[in-house]
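Below: one structure, written as structure tokens.
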Amino acid sequence: MTGSDRDPVLVVGGGPVGLTVANLLAARGIPLVLVERNTSTSDEAKAISLDDESLRTLQAAGLAEQVLDIVVPGTGTRYYDRKGRPLFHARGPGPYQLGYPFKNQFAQPELEKVLLDALKSRPEADIRFSTELVGVEENPDGTGVTAAIRTAGATAPEVVRASWLLACDGGRSTVRELRGIPMTGSSHTQVWLVADTTGDPHDERYGMHRGTPDRPTVIVPGRDGRCRYEFLLHSGECEKGTRPSFETVRRLVEPYRSLTESQIERVTAYTFNAVIADRWRDGHALLLGDAAHMMPPFAGQGLNSGIRDAANLCWKIDDVWHGRAGQQLVDTYEAERRPHASAMVRYSQRLGDIVMTTDPRRALVRDLTARTLLQTPAGRRYLTEMRFRPRARHDAGLVIGGHPLTGTQLPQPRVLVPPSLRPHLLDEVLGDAYALLGIDVPAAAWRRFDGPHWPDDRVRIKRIDVLLGDRLPPVRGPREAVADADGRLGEVLAAARNRFVLVKPDRYIAAVMGPDDILPVAAALQQETT
């Protein structure tokens, strides 16, 4: 069966994760139907931070430049001690490791508009707002699902056949409920007030976590005078699910600014969950984003984790839909993503417990520990480079061999590309398929990939010569070639010199191969993708 004979993908949920999924699939030529129960995209600023990995994913959908127009290129987070004094500034692992700023503030309605406008221009997408999923069943022949969707005002549901159902419908996921998938974890009872304001005087490009035990506070300035304030509420100030009064909001923000009622875009009182779905795949239905995992907001990783899900899954759906891989490739989605998502949930909880503690003694210990760490170079790096944050790495799934780089994400430095030799971001050269990078390998070494043992004829693999050091790439050659533009590529790949690096379409490294590793890697790749 060819791709044109197959049913579209059904994406349930038109929030930022669902819109990202839809754009990634459409960019790969896959027809899709997106349904969203609400009448339009959100007008509320919920998520407010995009990290560099998310921007890299949006680059793959051709949307990075449009999104950069609506974000603040941030400089991380500044943490304050129990007395409100600056403690340290966590800027992240280094400048533009993945091609973009490490942390970027934005307004969710603006992001959703950019994503929706782009999706409307793609002929592959059938977008339906005011439409909800009301039922779904697996097809008896194993080809996908049959879903019932109901549009507002319709007298009866419409039946839609889909090759895959991707649930991006949030923490109260209808898909998860229909498939009977429970979530495991904990719900927190602390009530927080969040207020999105305009006309704000803050012009910092970083978030501020104020760890005063009597009133833990988060402040995140945005573009055009927007600013988010989050305050831990005391007992009796406001109940969960009720709208805080203007007087309560005004009193809480008074130490930082004056406020009128018209300057409040959104205000609510909420608690948070730390939960993970017990399984992420049920037949041809898969969970992404909050449908699969929910976490406290303190690490700013809720939306970013959902976009990681999208980046990991969409290329696999593409390969299976186009007949380049078997359905077992989709099983690697949960194997690769669950460990890191679970670690992010735990990390978000732990960060909140430490940074936002209400115990004065614990706050004192926190501050003394941080100031002690700052006295040593290793301690400073640990805090300021955020080495305490779980590192994204694939230890299971489509990973082959035990090289230290295997399973890690390939950074995105700038490279020189002939014939113009103008610097380009690395992903512009890698394309949307697998990439096989020869790191300073001799030309003869490439011959080991010729023959039926290497799956080039079925799995799309782009071959690229990578030259480290201060050298020019050849203008003409048997393969594309790139050279290190500024030394950063050499910093990353020096450990793979004279080897081949197989990079998956989501930019994670599947294998690092010497001459004796090529046949075993080829066999493993065949097994995972057949």
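Simple scheme: letters A, B, ... for chains in structure tokens order, numbers from 1 for residues in each chain, numbers from 1 for ligands in the order shown.
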
Please report, as a tab-separated table, each residue of segment 66-135 of chain A lying at most 10 Å from segment 55-62 of chain A, together with the nearest pair of atoms and the separation in Å rounded to one decimal; use only C-alpha atoms, and order rows by chain and ascending residue number.
residue	atom	partner	partner_atom	distance
A:Gln66	CA	A:Gly62	CA	8.7
A:Val67	CA	A:Leu55	CA	7.9
A:Leu68	CA	A:Leu55	CA	8.3
A:Leu98	CA	A:Arg56	CA	6.8
A:Gly99	CA	A:Arg56	CA	7.2
A:Tyr100	CA	A:Leu55	CA	6.8
A:Pro101	CA	A:Leu55	CA	8.7
A:Phe102	CA	A:Leu55	CA	9.4
A:Lys103	CA	A:Leu55	CA	9.6
A:Asn104	CA	A:Leu55	CA	9.1
A:Leu115	CA	A:Leu58	CA	9.4
A:Ala118	CA	A:Gly62	CA	9.2

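Of the residues listed (A:Ala494, A:Ala378, A:Val475, A:Ala510), A:Ala510 shows the shortest atom-to-atom separation from His394 of chain A; distances use only C-alpha atoms.
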
*Quick one: everything within 9 Å of Gly407 of chain A, counting only C-alpha atoms, minus sequence neighbours fewer than 6 positions away in the same chain. Send it as a PyMOL selection string.*
chain A and resi 392-396+398-400+508-511

Keeping N, CA and C atoms for every residue in the selection just given, could you write it to a file as an mmCIF file, in the first residue's frame?
data_model
loop_
_atom_site.group_PDB
_atom_site.id
_atom_site.type_symbol
_atom_site.label_atom_id
_atom_site.label_comp_id
_atom_site.auth_asym_id
_atom_site.auth_seq_id
_atom_site.Cartn_x
_atom_site.Cartn_y
_atom_site.Cartn_z
ATOM 1 N N ALA A 392 18.560 15.378 28.527
ATOM 2 C CA ALA A 392 17.794 14.598 27.563
ATOM 3 C C ALA A 392 18.719 13.579 26.898
ATOM 4 N N ARG A 393 18.378 12.312 27.059
ATOM 5 C CA ARG A 393 19.216 11.235 26.522
ATOM 6 C C ARG A 393 18.339 10.009 26.298
ATOM 7 N N HIS A 394 18.603 9.281 25.228
ATOM 8 C CA HIS A 394 17.901 8.038 24.951
ATOM 9 C C HIS A 394 18.794 6.870 25.367
ATOM 10 N N ASP A 395 18.352 6.145 26.385
ATOM 11 C CA ASP A 395 19.089 4.965 26.834
ATOM 12 C C ASP A 395 18.426 3.671 26.381
ATOM 13 N N ALA A 396 17.252 3.768 25.760
ATOM 14 C CA ALA A 396 16.558 2.612 25.222
ATOM 15 C C ALA A 396 15.891 3.057 23.929
ATOM 16 N N LEU A 398 15.714 3.177 19.883
ATOM 17 C CA LEU A 398 16.599 3.085 18.725
ATOM 18 C C LEU A 398 17.958 3.685 19.074
ATOM 19 N N VAL A 399 18.693 2.992 19.912
ATOM 20 C CA VAL A 399 20.069 3.341 20.258
ATOM 21 C C VAL A 399 20.885 2.059 20.193
ATOM 22 N N ILE A 400 22.055 2.150 19.573
ATOM 23 C CA ILE A 400 22.835 0.955 19.269
ATOM 24 C C ILE A 400 24.270 1.182 19.716
ATOM 25 N N TYR A 508 18.854 13.033 17.677
ATOM 26 C CA TYR A 508 19.516 12.240 18.706
ATOM 27 C C TYR A 508 20.391 11.193 18.015
ATOM 28 N N ILE A 509 21.503 10.877 18.632
ATOM 29 C CA ILE A 509 22.486 9.989 18.016
ATOM 30 C C ILE A 509 22.095 8.535 18.274
ATOM 31 N N ALA A 510 21.893 7.789 17.193
ATOM 32 C CA ALA A 510 21.511 6.381 17.298
ATOM 33 C C ALA A 510 22.718 5.479 17.495
ATOM 34 N N ALA A 511 23.868 5.833 16.887
ATOM 35 C CA ALA A 511 25.043 4.961 16.969
ATOM 36 C C ALA A 511 26.284 5.734 16.573
#

*asked:* Write out as a VMD selection string the set of residues from segment 35-251 of chain A that DSSP, computed on the backbone, places in strand (DSSP E).
replied: chain A and resid 35 to 36 49 to 51 72 to 73 77 to 80 86 to 90 103 to 105 125 to 129 131 to 138 145 to 151 158 to 162 164 to 167 183 to 187 192 to 197 207 to 210 217 to 221 227 to 232

*Excluding Ile317 of chain A and any residue of its chain fewer than 6 positions from it, enumerate the residues within 12 Å of it, using only C-alpha atoms, and give them as a ChimeraX atom specification.*
/A:3,8-10,21-22,24-26,28-32,144,163-166,284-286,310-311,323-333,505,529

Could I get the residues of segment 353-423 of chain A with an atom no further than 12 Å from an atom of segment 184-203 of chain A, each paired with its nearest atom pair and that distance in Å to one decimal, using only C-alpha atoms, sorted by chain and residue number, as JSON lines?
{"residue": "A:Asp353", "atom": "CA", "partner": "A:His188", "partner_atom": "CA", "distance": 11.2}
{"residue": "A:Met356", "atom": "CA", "partner": "A:Gln190", "partner_atom": "CA", "distance": 11.1}
{"residue": "A:Thr357", "atom": "CA", "partner": "A:Gln190", "partner_atom": "CA", "distance": 11.2}
{"residue": "A:Thr358", "atom": "CA", "partner": "A:Gln190", "partner_atom": "CA", "distance": 10.9}

Taking N, CA and C atoms for each residue, export the selection above as a compact mmCIF listing (two decimals), in the first residue's frame.
# COMPACT_ATOMS: atom_id res chain seq x y z
N ASP A 353 10.12 22.14 45.73
CA ASP A 353 10.29 21.88 47.16
C ASP A 353 11.47 22.66 47.74
N MET A 356 11.04 26.91 46.43
CA MET A 356 9.82 27.54 46.90
C MET A 356 9.40 27.04 48.28
N THR A 357 10.34 26.62 49.07
CA THR A 357 10.00 26.12 50.41
C THR A 357 9.43 27.24 51.29
N THR A 358 8.54 26.86 52.19
CA THR A 358 8.01 27.81 53.18
C THR A 358 8.62 27.59 54.56

*Could you give me, as a PyMOL selection string, each residue of segment 333-417 of chain A that DSSP assigns to helix (DSSP H, G or I) when run on this structure's backbone?*
chain A and resi 333-355+360-373+377-384

*Could you pull the residues within 8 Å of Arg463 of chain A, counting only C-alpha atoms, minus those fewer than 4 positions along the same chain, as a VMD selection string?*
chain A and resid 435 to 438 479 to 480

*Considering only C-alpha atoms, return as number ranges by chain whatever protein or nucleic-acid residues lie within 6 Å of Val12 of chain A, sequence-local ones (same chain, fewer than 5 positions apart) excluded.*
A: 34-35, 167-169

*asked:* My list of candidates is A:Ala90, A:Ile276, A:Val320, A:Leu287. Which is closest to Thr174 of chain A when distances are computed with only C-alpha atoms?
replied: A:Leu287

*Between A:Arg350, A:Arg366, A:Arg308, A:Arg389, which is the closest to Gln409 of chain A once you count only C-alpha atoms?*
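Looking at the shortest contact to Gln409 of chain A, the residue is A:Arg308.
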
*Leu421 of chain A: which residues within 10 Å, counting only C-alpha atoms, same-chain residues fewer than 2 positions away excluded, as a VMD selection string?*
chain A and resid 415 to 419 423 to 424 472 to 473 475 482 to 483 485

*Smallest atom-to-atom distance to Glu265 of chain A: which of A:Leu502, A:Met386, A:Ala107, A:Leu493, using only C-alpha atoms?*
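Nearest to Glu265 of chain A: A:Ala107.
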
*asked:* When you count only C-alpha atoms, which of these residues is closest to Tyr382 of chain A: A:Gly397, A:Pro93, A:Gly300, A:Pro339?
replied: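 Of all the options, A:Pro93 lies closest to Tyr382 of chain A.
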
*Pick from A:Phe298, A:Phe246, A:Phe272, A:Phe129: nearest to Ser49 of chain A, with only C-alpha atoms counted?*
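For Ser49 of chain A, the nearest of the candidates is A:Phe298.
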